[in-house]
Structures are given as structure tokens and as C-alpha cells.
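Peer 1: Below you'll find target.cif; it's mmCIF, N, CA and C atoms.
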```
data_work
#
loop_
_atom_site.label_atom_id
_atom_site.label_comp_id
_atom_site.auth_asym_id
_atom_site.auth_seq_id
_atom_site.Cartn_x
_atom_site.Cartn_y
_atom_site.Cartn_z
N MET A 1 -46.80 -73.46 -137.39
CA MET A 1 -45.89 -73.65 -136.29
C MET A 1 -45.55 -75.13 -136.20
N HIS A 2 -44.29 -75.39 -136.05
CA HIS A 2 -43.80 -76.76 -135.99
C HIS A 2 -43.50 -77.13 -134.54
N THR A 3 -44.12 -78.22 -134.08
CA THR A 3 -43.86 -78.65 -132.71
C THR A 3 -42.70 -79.63 -132.72
N GLN A 4 -41.89 -79.51 -131.75
CA GLN A 4 -40.71 -80.36 -131.66
C GLN A 4 -40.84 -81.28 -130.46
N SER A 5 -40.52 -82.55 -130.64
CA SER A 5 -40.60 -83.47 -129.51
C SER A 5 -39.40 -83.26 -128.60
N HIS A 6 -39.59 -83.56 -127.36
CA HIS A 6 -38.53 -83.38 -126.39
C HIS A 6 -37.48 -84.46 -126.58
N PRO A 7 -36.23 -84.07 -126.73
CA PRO A 7 -35.18 -85.07 -126.93
C PRO A 7 -35.03 -86.01 -125.75
N SER A 8 -35.30 -85.53 -124.53
CA SER A 8 -35.14 -86.40 -123.37
C SER A 8 -36.17 -87.53 -123.36
N SER A 9 -37.42 -87.24 -123.79
CA SER A 9 -38.43 -88.29 -123.81
C SER A 9 -38.13 -89.31 -124.90
N LYS A 10 -37.60 -88.85 -126.02
CA LYS A 10 -37.26 -89.77 -127.09
C LYS A 10 -36.11 -90.68 -126.67
N SER A 11 -35.12 -90.12 -126.01
CA SER A 11 -33.99 -90.95 -125.59
C SER A 11 -34.41 -91.95 -124.51
N SER A 12 -35.34 -91.55 -123.63
CA SER A 12 -35.79 -92.49 -122.60
C SER A 12 -36.59 -93.63 -123.24
N THR A 13 -37.34 -93.33 -124.30
CA THR A 13 -38.07 -94.38 -125.02
C THR A 13 -37.10 -95.34 -125.69
N GLU A 14 -36.09 -94.78 -126.31
CA GLU A 14 -35.08 -95.63 -126.95
C GLU A 14 -34.32 -96.45 -125.92
N GLN A 15 -34.04 -95.85 -124.78
CA GLN A 15 -33.36 -96.57 -123.71
C GLN A 15 -34.24 -97.72 -123.19
N MET A 16 -35.53 -97.45 -123.05
CA MET A 16 -36.47 -98.47 -122.59
C MET A 16 -36.51 -99.63 -123.59
N LYS A 17 -36.55 -99.31 -124.89
CA LYS A 17 -36.56 -100.36 -125.92
C LYS A 17 -35.28 -101.19 -125.86
N GLU A 18 -34.16 -100.50 -125.64
CA GLU A 18 -32.88 -101.19 -125.56
C GLU A 18 -32.84 -102.14 -124.36
N VAL A 19 -33.33 -101.68 -123.22
CA VAL A 19 -33.37 -102.52 -122.02
C VAL A 19 -34.32 -103.70 -122.25
N TYR A 20 -35.46 -103.44 -122.89
CA TYR A 20 -36.42 -104.50 -123.19
C TYR A 20 -35.77 -105.58 -124.06
N LEU A 21 -35.12 -105.16 -125.14
CA LEU A 21 -34.49 -106.13 -126.04
C LEU A 21 -33.38 -106.91 -125.34
N LYS A 22 -32.63 -106.23 -124.50
CA LYS A 22 -31.56 -106.91 -123.77
C LYS A 22 -32.13 -107.99 -122.86
N GLN A 23 -33.22 -107.67 -122.16
CA GLN A 23 -33.88 -108.66 -121.30
C GLN A 23 -34.44 -109.82 -122.12
N LEU A 24 -35.00 -109.50 -123.27
CA LEU A 24 -35.58 -110.52 -124.15
C LEU A 24 -34.51 -111.49 -124.62
N TYR A 25 -33.36 -110.95 -125.05
CA TYR A 25 -32.25 -111.80 -125.50
C TYR A 25 -31.70 -112.64 -124.36
N THR A 26 -31.66 -112.06 -123.17
CA THR A 26 -31.17 -112.79 -122.00
C THR A 26 -32.10 -113.96 -121.65
N LEU A 27 -33.39 -113.70 -121.72
CA LEU A 27 -34.37 -114.73 -121.35
C LEU A 27 -34.48 -115.83 -122.39
N ALA A 28 -34.54 -115.45 -123.67
CA ALA A 28 -34.84 -116.44 -124.71
C ALA A 28 -33.76 -116.61 -125.76
N GLY A 29 -32.68 -115.85 -125.67
CA GLY A 29 -31.65 -115.94 -126.70
C GLY A 29 -32.10 -115.19 -127.96
N ARG A 30 -31.21 -115.09 -128.90
CA ARG A 30 -31.55 -114.38 -130.15
C ARG A 30 -32.28 -115.32 -131.09
N GLN A 31 -33.49 -114.93 -131.45
CA GLN A 31 -34.33 -115.72 -132.35
C GLN A 31 -34.96 -114.78 -133.38
N GLU A 32 -35.55 -115.38 -134.40
CA GLU A 32 -36.27 -114.55 -135.37
C GLU A 32 -37.58 -114.04 -134.80
N THR A 33 -38.28 -114.91 -134.08
CA THR A 33 -39.56 -114.51 -133.48
C THR A 33 -39.60 -114.98 -132.03
N TYR A 34 -40.42 -114.30 -131.25
CA TYR A 34 -40.58 -114.65 -129.84
C TYR A 34 -42.05 -114.85 -129.55
N SER A 35 -42.35 -115.75 -128.63
CA SER A 35 -43.75 -115.99 -128.27
C SER A 35 -44.25 -114.82 -127.44
N ASN A 36 -45.56 -114.65 -127.45
CA ASN A 36 -46.17 -113.61 -126.63
C ASN A 36 -45.93 -113.87 -125.15
N GLN A 37 -45.84 -115.13 -124.78
CA GLN A 37 -45.58 -115.49 -123.39
C GLN A 37 -44.20 -114.98 -122.96
N THR A 38 -43.21 -115.16 -123.80
CA THR A 38 -41.86 -114.69 -123.51
C THR A 38 -41.83 -113.18 -123.41
N LYS A 39 -42.49 -112.51 -124.33
CA LYS A 39 -42.55 -111.05 -124.31
C LYS A 39 -43.23 -110.56 -123.03
N ALA A 40 -44.29 -111.25 -122.62
CA ALA A 40 -45.01 -110.86 -121.41
C ALA A 40 -44.13 -111.06 -120.17
N GLN A 41 -43.31 -112.09 -120.16
CA GLN A 41 -42.40 -112.31 -119.03
C GLN A 41 -41.40 -111.17 -118.90
N VAL A 42 -40.89 -110.70 -120.03
CA VAL A 42 -39.93 -109.59 -120.01
C VAL A 42 -40.62 -108.32 -119.53
N ILE A 43 -41.82 -108.06 -120.04
CA ILE A 43 -42.57 -106.88 -119.62
C ILE A 43 -42.83 -106.94 -118.12
N HIS A 44 -43.18 -108.11 -117.63
CA HIS A 44 -43.45 -108.28 -116.20
C HIS A 44 -42.22 -107.93 -115.35
N LYS A 45 -41.04 -108.32 -115.84
CA LYS A 45 -39.80 -108.00 -115.12
C LYS A 45 -39.52 -106.50 -115.11
N LEU A 46 -39.88 -105.81 -116.20
CA LEU A 46 -39.53 -104.40 -116.35
C LEU A 46 -40.63 -103.44 -115.95
N LYS A 47 -41.79 -103.93 -115.56
CA LYS A 47 -42.93 -103.04 -115.33
C LYS A 47 -42.74 -102.12 -114.13
N ASP A 48 -41.84 -102.46 -113.21
CA ASP A 48 -41.58 -101.57 -112.07
C ASP A 48 -40.76 -100.35 -112.48
N ARG A 49 -39.94 -100.51 -113.51
CA ARG A 49 -39.07 -99.43 -113.96
C ARG A 49 -39.67 -98.58 -115.08
N TYR A 50 -40.54 -99.19 -115.90
CA TYR A 50 -41.09 -98.50 -117.06
C TYR A 50 -42.61 -98.64 -117.09
N ASN A 51 -43.23 -97.80 -117.87
CA ASN A 51 -44.67 -97.81 -118.07
C ASN A 51 -45.08 -99.06 -118.86
N VAL A 52 -46.11 -99.75 -118.41
CA VAL A 52 -46.56 -100.98 -119.08
C VAL A 52 -47.00 -100.68 -120.51
N LEU A 53 -47.69 -99.59 -120.71
CA LEU A 53 -48.15 -99.25 -122.06
C LEU A 53 -46.99 -99.06 -123.02
N SER A 54 -45.92 -98.43 -122.56
CA SER A 54 -44.74 -98.24 -123.41
C SER A 54 -44.06 -99.58 -123.70
N LEU A 55 -43.98 -100.42 -122.69
CA LEU A 55 -43.36 -101.74 -122.88
C LEU A 55 -44.16 -102.60 -123.85
N VAL A 56 -45.48 -102.54 -123.72
CA VAL A 56 -46.34 -103.33 -124.62
C VAL A 56 -46.17 -102.84 -126.05
N LYS A 57 -46.04 -101.54 -126.21
CA LYS A 57 -45.83 -100.98 -127.53
C LYS A 57 -44.49 -101.43 -128.10
N ALA A 58 -43.46 -101.43 -127.28
CA ALA A 58 -42.13 -101.87 -127.72
C ALA A 58 -42.14 -103.35 -128.07
N ALA A 59 -42.92 -104.14 -127.34
CA ALA A 59 -43.00 -105.58 -127.58
C ALA A 59 -43.88 -105.92 -128.77
N ASP A 60 -44.68 -104.95 -129.19
CA ASP A 60 -45.60 -105.13 -130.32
C ASP A 60 -46.62 -106.24 -130.05
N ILE A 61 -47.19 -106.19 -128.85
CA ILE A 61 -48.29 -107.10 -128.52
C ILE A 61 -49.44 -106.27 -127.94
N PRO A 62 -50.66 -106.76 -128.05
CA PRO A 62 -51.79 -106.05 -127.44
C PRO A 62 -51.68 -106.05 -125.92
N ARG A 63 -52.19 -105.02 -125.29
CA ARG A 63 -52.15 -104.90 -123.84
C ARG A 63 -52.90 -106.06 -123.19
N SER A 64 -54.01 -106.45 -123.79
CA SER A 64 -54.81 -107.55 -123.23
C SER A 64 -54.01 -108.86 -123.23
N THR A 65 -53.18 -109.05 -124.25
CA THR A 65 -52.35 -110.25 -124.32
C THR A 65 -51.35 -110.29 -123.16
N TYR A 66 -50.77 -109.13 -122.88
CA TYR A 66 -49.85 -109.07 -121.74
C TYR A 66 -50.56 -109.45 -120.45
N TYR A 67 -51.73 -108.87 -120.22
CA TYR A 67 -52.45 -109.15 -118.97
C TYR A 67 -52.93 -110.60 -118.91
N TYR A 68 -53.25 -111.20 -120.05
CA TYR A 68 -53.61 -112.61 -120.10
C TYR A 68 -52.44 -113.46 -119.60
N TRP A 69 -51.23 -113.20 -120.12
CA TRP A 69 -50.08 -114.00 -119.74
C TRP A 69 -49.63 -113.69 -118.32
N GLU A 70 -49.80 -112.44 -117.89
CA GLU A 70 -49.45 -112.10 -116.51
C GLU A 70 -50.32 -112.88 -115.53
N LYS A 71 -51.59 -113.00 -115.83
CA LYS A 71 -52.51 -113.76 -114.99
C LYS A 71 -52.12 -115.23 -114.93
N ARG A 72 -51.68 -115.77 -116.06
CA ARG A 72 -51.30 -117.18 -116.12
C ARG A 72 -49.96 -117.46 -115.44
N MET A 73 -49.09 -116.44 -115.35
CA MET A 73 -47.78 -116.64 -114.71
C MET A 73 -47.92 -116.98 -113.24
N ASN A 74 -48.95 -116.47 -112.60
CA ASN A 74 -49.11 -116.65 -111.16
C ASN A 74 -49.81 -117.95 -110.78
N ARG A 75 -50.25 -118.70 -111.77
CA ARG A 75 -50.92 -119.97 -111.48
C ARG A 75 -49.92 -121.07 -111.15
N PRO A 76 -50.29 -121.98 -110.26
CA PRO A 76 -49.41 -123.13 -110.03
C PRO A 76 -49.47 -124.08 -111.23
N ASP A 77 -48.41 -124.80 -111.45
CA ASP A 77 -48.33 -125.74 -112.57
C ASP A 77 -49.18 -126.97 -112.26
N LYS A 78 -50.23 -127.19 -113.05
CA LYS A 78 -51.12 -128.31 -112.76
C LYS A 78 -50.50 -129.66 -113.14
N TYR A 79 -49.41 -129.63 -113.89
CA TYR A 79 -48.74 -130.88 -114.29
C TYR A 79 -47.44 -131.10 -113.52
N ALA A 80 -47.25 -130.45 -112.41
CA ALA A 80 -46.00 -130.55 -111.66
C ALA A 80 -45.71 -132.00 -111.23
N GLU A 81 -46.73 -132.69 -110.71
CA GLU A 81 -46.54 -134.08 -110.28
C GLU A 81 -46.24 -135.00 -111.46
N VAL A 82 -46.92 -134.78 -112.57
CA VAL A 82 -46.69 -135.61 -113.76
C VAL A 82 -45.27 -135.37 -114.27
N LYS A 83 -44.82 -134.13 -114.28
CA LYS A 83 -43.46 -133.82 -114.73
C LYS A 83 -42.44 -134.51 -113.84
N LYS A 84 -42.70 -134.53 -112.54
CA LYS A 84 -41.80 -135.19 -111.61
C LYS A 84 -41.70 -136.68 -111.92
N GLU A 85 -42.84 -137.30 -112.20
CA GLU A 85 -42.87 -138.73 -112.55
C GLU A 85 -42.16 -138.98 -113.88
N ILE A 86 -42.37 -138.09 -114.85
CA ILE A 86 -41.69 -138.23 -116.15
C ILE A 86 -40.18 -138.19 -115.95
N LEU A 87 -39.71 -137.25 -115.13
CA LEU A 87 -38.27 -137.16 -114.85
C LEU A 87 -37.74 -138.44 -114.23
N GLN A 88 -38.51 -139.04 -113.33
CA GLN A 88 -38.09 -140.30 -112.70
C GLN A 88 -38.00 -141.42 -113.72
N VAL A 89 -39.01 -141.51 -114.60
CA VAL A 89 -39.02 -142.58 -115.61
C VAL A 89 -37.89 -142.38 -116.61
N VAL A 90 -37.69 -141.14 -117.05
CA VAL A 90 -36.60 -140.87 -118.00
C VAL A 90 -35.26 -141.22 -117.36
N HIS A 91 -35.09 -140.85 -116.11
CA HIS A 91 -33.84 -141.16 -115.41
C HIS A 91 -33.66 -142.68 -115.25
N LEU A 92 -34.75 -143.36 -114.92
CA LEU A 92 -34.70 -144.81 -114.73
C LEU A 92 -34.24 -145.53 -116.00
N TYR A 93 -34.76 -145.11 -117.15
CA TYR A 93 -34.42 -145.75 -118.42
C TYR A 93 -33.36 -145.00 -119.20
N LYS A 94 -32.66 -144.10 -118.52
CA LYS A 94 -31.52 -143.37 -119.05
C LYS A 94 -31.83 -142.64 -120.36
N GLY A 95 -33.05 -142.11 -120.47
CA GLY A 95 -33.42 -141.32 -121.64
C GLY A 95 -33.68 -142.10 -122.90
N ARG A 96 -33.82 -143.41 -122.79
CA ARG A 96 -34.00 -144.25 -123.98
C ARG A 96 -35.46 -144.36 -124.43
N TYR A 97 -36.39 -144.07 -123.52
CA TYR A 97 -37.80 -144.22 -123.85
C TYR A 97 -38.35 -142.94 -124.45
N ALA A 98 -39.19 -143.11 -125.46
CA ALA A 98 -39.90 -141.97 -126.05
C ALA A 98 -41.23 -141.80 -125.32
N TYR A 99 -42.03 -140.87 -125.78
CA TYR A 99 -43.23 -140.51 -125.01
C TYR A 99 -44.24 -141.65 -124.91
N ARG A 100 -44.33 -142.52 -125.91
CA ARG A 100 -45.33 -143.59 -125.86
C ARG A 100 -45.00 -144.59 -124.76
N ARG A 101 -43.74 -144.98 -124.68
CA ARG A 101 -43.35 -145.94 -123.65
C ARG A 101 -43.42 -145.32 -122.27
N ILE A 102 -43.08 -144.04 -122.18
CA ILE A 102 -43.18 -143.36 -120.88
C ILE A 102 -44.65 -143.25 -120.48
N THR A 103 -45.54 -143.00 -121.44
CA THR A 103 -46.97 -142.96 -121.15
C THR A 103 -47.44 -144.30 -120.61
N ASP A 104 -47.00 -145.40 -121.24
CA ASP A 104 -47.36 -146.73 -120.76
C ASP A 104 -46.84 -146.98 -119.35
N ASP A 105 -45.62 -146.56 -119.10
CA ASP A 105 -45.03 -146.75 -117.78
C ASP A 105 -45.79 -145.94 -116.71
N LEU A 106 -46.18 -144.73 -117.06
CA LEU A 106 -46.95 -143.90 -116.13
C LEU A 106 -48.33 -144.51 -115.87
N MET A 107 -48.95 -145.10 -116.91
CA MET A 107 -50.26 -145.74 -116.74
C MET A 107 -50.16 -146.92 -115.79
N ARG A 108 -49.04 -147.65 -115.84
CA ARG A 108 -48.84 -148.75 -114.91
C ARG A 108 -48.75 -148.25 -113.47
N LYS A 109 -48.30 -147.01 -113.31
CA LYS A 109 -48.22 -146.40 -111.97
C LYS A 109 -49.53 -145.74 -111.57
N GLY A 110 -50.51 -145.75 -112.45
CA GLY A 110 -51.81 -145.17 -112.14
C GLY A 110 -51.97 -143.71 -112.56
N ILE A 111 -51.02 -143.19 -113.31
CA ILE A 111 -51.09 -141.81 -113.79
C ILE A 111 -51.58 -141.85 -115.23
N ARG A 112 -52.81 -141.40 -115.44
CA ARG A 112 -53.41 -141.49 -116.77
C ARG A 112 -53.54 -140.11 -117.39
N HIS A 113 -52.82 -139.95 -118.50
CA HIS A 113 -52.92 -138.73 -119.31
C HIS A 113 -52.81 -139.13 -120.77
N ASP A 114 -53.32 -138.28 -121.62
CA ASP A 114 -53.23 -138.52 -123.06
C ASP A 114 -51.76 -138.54 -123.48
N PRO A 115 -51.40 -139.44 -124.39
CA PRO A 115 -50.00 -139.50 -124.84
C PRO A 115 -49.48 -138.17 -125.39
N LYS A 116 -50.34 -137.41 -126.04
CA LYS A 116 -49.91 -136.12 -126.59
C LYS A 116 -49.60 -135.13 -125.47
N THR A 117 -50.27 -135.26 -124.34
CA THR A 117 -49.97 -134.40 -123.18
C THR A 117 -48.59 -134.77 -122.65
N ILE A 118 -48.29 -136.04 -122.59
CA ILE A 118 -46.97 -136.50 -122.14
C ILE A 118 -45.91 -136.00 -123.11
N LEU A 119 -46.19 -136.05 -124.39
CA LEU A 119 -45.27 -135.56 -125.41
C LEU A 119 -44.99 -134.07 -125.19
N ARG A 120 -46.03 -133.29 -124.98
CA ARG A 120 -45.87 -131.85 -124.77
C ARG A 120 -45.05 -131.56 -123.52
N LEU A 121 -45.35 -132.30 -122.45
CA LEU A 121 -44.61 -132.11 -121.20
C LEU A 121 -43.14 -132.49 -121.35
N MET A 122 -42.87 -133.54 -122.10
CA MET A 122 -41.48 -133.94 -122.34
C MET A 122 -40.75 -132.89 -123.16
N ARG A 123 -41.46 -132.26 -124.09
CA ARG A 123 -40.84 -131.16 -124.87
C ARG A 123 -40.54 -129.98 -123.95
N GLU A 124 -41.48 -129.67 -123.04
CA GLU A 124 -41.25 -128.58 -122.09
C GLU A 124 -40.05 -128.85 -121.20
N LEU A 125 -39.88 -130.12 -120.85
CA LEU A 125 -38.75 -130.50 -119.99
C LEU A 125 -37.43 -130.60 -120.77
N GLY A 126 -37.53 -130.55 -122.09
CA GLY A 126 -36.33 -130.55 -122.92
C GLY A 126 -35.84 -131.91 -123.34
N PHE A 127 -36.68 -132.93 -123.24
CA PHE A 127 -36.25 -134.27 -123.63
C PHE A 127 -36.48 -134.56 -125.11
N LEU A 128 -37.40 -133.87 -125.73
CA LEU A 128 -37.70 -134.08 -127.14
C LEU A 128 -37.71 -132.73 -127.85
N LYS A 129 -37.54 -132.77 -129.16
CA LYS A 129 -37.59 -131.54 -129.94
C LYS A 129 -38.89 -131.36 -130.65
#
```
Can the structure in the file be given as C-alpha cells, please?
Peer 2:
Amino acid sequence: MHTQSHPSSKSSTEQMKEVYLKQLYTLAGRQETYSNQTKAQVIHKLKDRYNVLSLVKAADIPRSTYYYWEKRMNRPDKYAEVKKEILQVVHLYKGRYAYRRITDDLMRKGIRHDPKTILRLMRELGFLK
């Protein structure tokens, strides 16, 4: 005896995948690969409409990875003040300073962080590639 899958469930799965991909492209643009963090953000947006397990399967990430990123999404940004200061320094010097000089300028203001942390934060803010 041959069992046949229900066409309605298959179409709803395909529809869910289509909605997932559309949200992914909207959030991050079309790329070859996407970070697990980006995938988790899309799943988080769609979890009210679709089953999390189905979304995780469509995203091709482990369920635990999704829950890891979901937990981190709700945390406050511990570098918010540093980012604010970086924006002020970049604006002051009209974007001419790289991360080393900005790090020195922040140290003069009493904000001490590793230069590589400043570099990472500047990349997050979109000042460096």
C-alpha cells in the first residue's frame, strides 16, 4: 500500500519556505550565505505564524542555535556607550580617522578598550569594511 502525502500540507510547507526566504532577502539582501544570527532573526519574526521546528528546518540550522541567538537578541548592547562615542569622534574628524586613532582619542577621554574591539565596533557601525 502506498501512502500519499496531503497536498495541502506540502503546499503550506512550500509557502512557509517562500515567506521565510522573502523575509531573509528583505533583512539581509541576496547573498550566497547567511549568518546563523540573521537566520535566527527571521525565524523570530515568523514564529508567531509558523511552527519553529519547521522554520528551523527551512533555515537549515540546529534548533539549539536558534534558541541561542533568540536569547542574545533580548540582551542590551553592552557597547552602546562606546558606539555613541565612536560616532562622535568619527563625526568630529569627518570620517578621516581609522580605528587606531579613534582608539587613541577614546583613551584620552577615559574610555579604554582593545583596539580590535574598536575595529569590530566600527565595522558594525559601517565605517570600515
Peer 1: Find the spatial neighbours of Leu121 (chain A), counting only C-alpha atoms, within a cut-off of 10 Å - ignore same-chain residues fewer than 6 positions away - and output them as a list in words.
Peer 2: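 Using only C-alpha atoms, the neighbours found are Tyr79, Ala80, Val82, Lys83, Ile86, Tyr99, Pro115, Phe127 and Leu128 of chain A.
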Peer 1: Work out how far apart CA of Ser35 (chain A) and CA of Ile61 (chain A) are and give it in Å to one decimal.
Peer 2: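 It comes out at 10.0 Å.
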Peer 1: Env of region 11-28 of chain A: 8 Å cut, atoms = all atoms listed in the file, seq-sep filter 3 positions within chain, self excluded. Answer as a PyMOL selection string.
Peer 2: chain A and resi 6-8+31+34+38-39+41-43+46+50+54-55+58-59
Peer 1: DSSP on the backbone, helix (DSSP H, G or I) only: what residues of region 22-126 of chain A does that give? Format it as a ChimeraX atom specification.
Peer 2: /A:22-28,36-46,52-59,63-73,80-92,99-108,115-125
Peer 1: List the spatial neighbours of region 62-75 of chain A as an mmCIF file with N, CA and C atoms, in the frame of the given file - criterion: any atom at most 8 Å away, only N, CA and C atoms, same-chain residues fewer than 6 positions off excluded.
Peer 2:
```
data_model
loop_
_atom_site.group_PDB
_atom_site.id
_atom_site.type_symbol
_atom_site.label_atom_id
_atom_site.label_comp_id
_atom_site.auth_asym_id
_atom_site.auth_seq_id
_atom_site.Cartn_x
_atom_site.Cartn_y
_atom_site.Cartn_z
ATOM 1 N N ASN A 36 -45.560 -114.650 -127.450
ATOM 2 C CA ASN A 36 -46.170 -113.610 -126.630
ATOM 3 C C ASN A 36 -45.930 -113.870 -125.150
ATOM 4 N N GLN A 37 -45.840 -115.130 -124.780
ATOM 5 C CA GLN A 37 -45.580 -115.490 -123.390
ATOM 6 C C GLN A 37 -44.200 -114.980 -122.960
ATOM 7 N N LYS A 39 -42.490 -112.510 -124.330
ATOM 8 C CA LYS A 39 -42.550 -111.050 -124.310
ATOM 9 C C LYS A 39 -43.230 -110.560 -123.030
ATOM 10 N N ALA A 40 -44.290 -111.250 -122.620
ATOM 11 C CA ALA A 40 -45.010 -110.860 -121.410
ATOM 12 C C ALA A 40 -44.130 -111.060 -120.170
ATOM 13 N N GLN A 41 -43.310 -112.090 -120.160
ATOM 14 C CA GLN A 41 -42.400 -112.310 -119.030
ATOM 15 C C GLN A 41 -41.400 -111.170 -118.900
ATOM 16 N N ILE A 43 -41.820 -108.060 -120.040
ATOM 17 C CA ILE A 43 -42.570 -106.880 -119.620
ATOM 18 C C ILE A 43 -42.830 -106.940 -118.120
ATOM 19 N N HIS A 44 -43.180 -108.110 -117.630
ATOM 20 C CA HIS A 44 -43.450 -108.280 -116.200
ATOM 21 C C HIS A 44 -42.220 -107.930 -115.350
ATOM 22 N N VAL A 52 -46.110 -99.750 -118.410
ATOM 23 C CA VAL A 52 -46.560 -100.980 -119.080
ATOM 24 C C VAL A 52 -47.000 -100.680 -120.510
ATOM 25 N N LEU A 53 -47.690 -99.590 -120.710
ATOM 26 C CA LEU A 53 -48.150 -99.250 -122.060
ATOM 27 C C LEU A 53 -46.990 -99.060 -123.020
ATOM 28 N N VAL A 56 -45.480 -102.540 -123.720
ATOM 29 C CA VAL A 56 -46.340 -103.330 -124.620
ATOM 30 C C VAL A 56 -46.170 -102.840 -126.050
#
```
Peer 1: Let me have the centre and edge lengths in Å, one decimal, of the box along x, y and z around every listed atom of region 37-49 of chain A with 5 Å of margin on each side, as lines of an AutoDock Vina configuration file.
Peer 2:
```
center_x = -42.5
center_y = -107.0
center_z = -118.4
size_x = 16.8
size_y = 26.9
size_z = 22.7
```
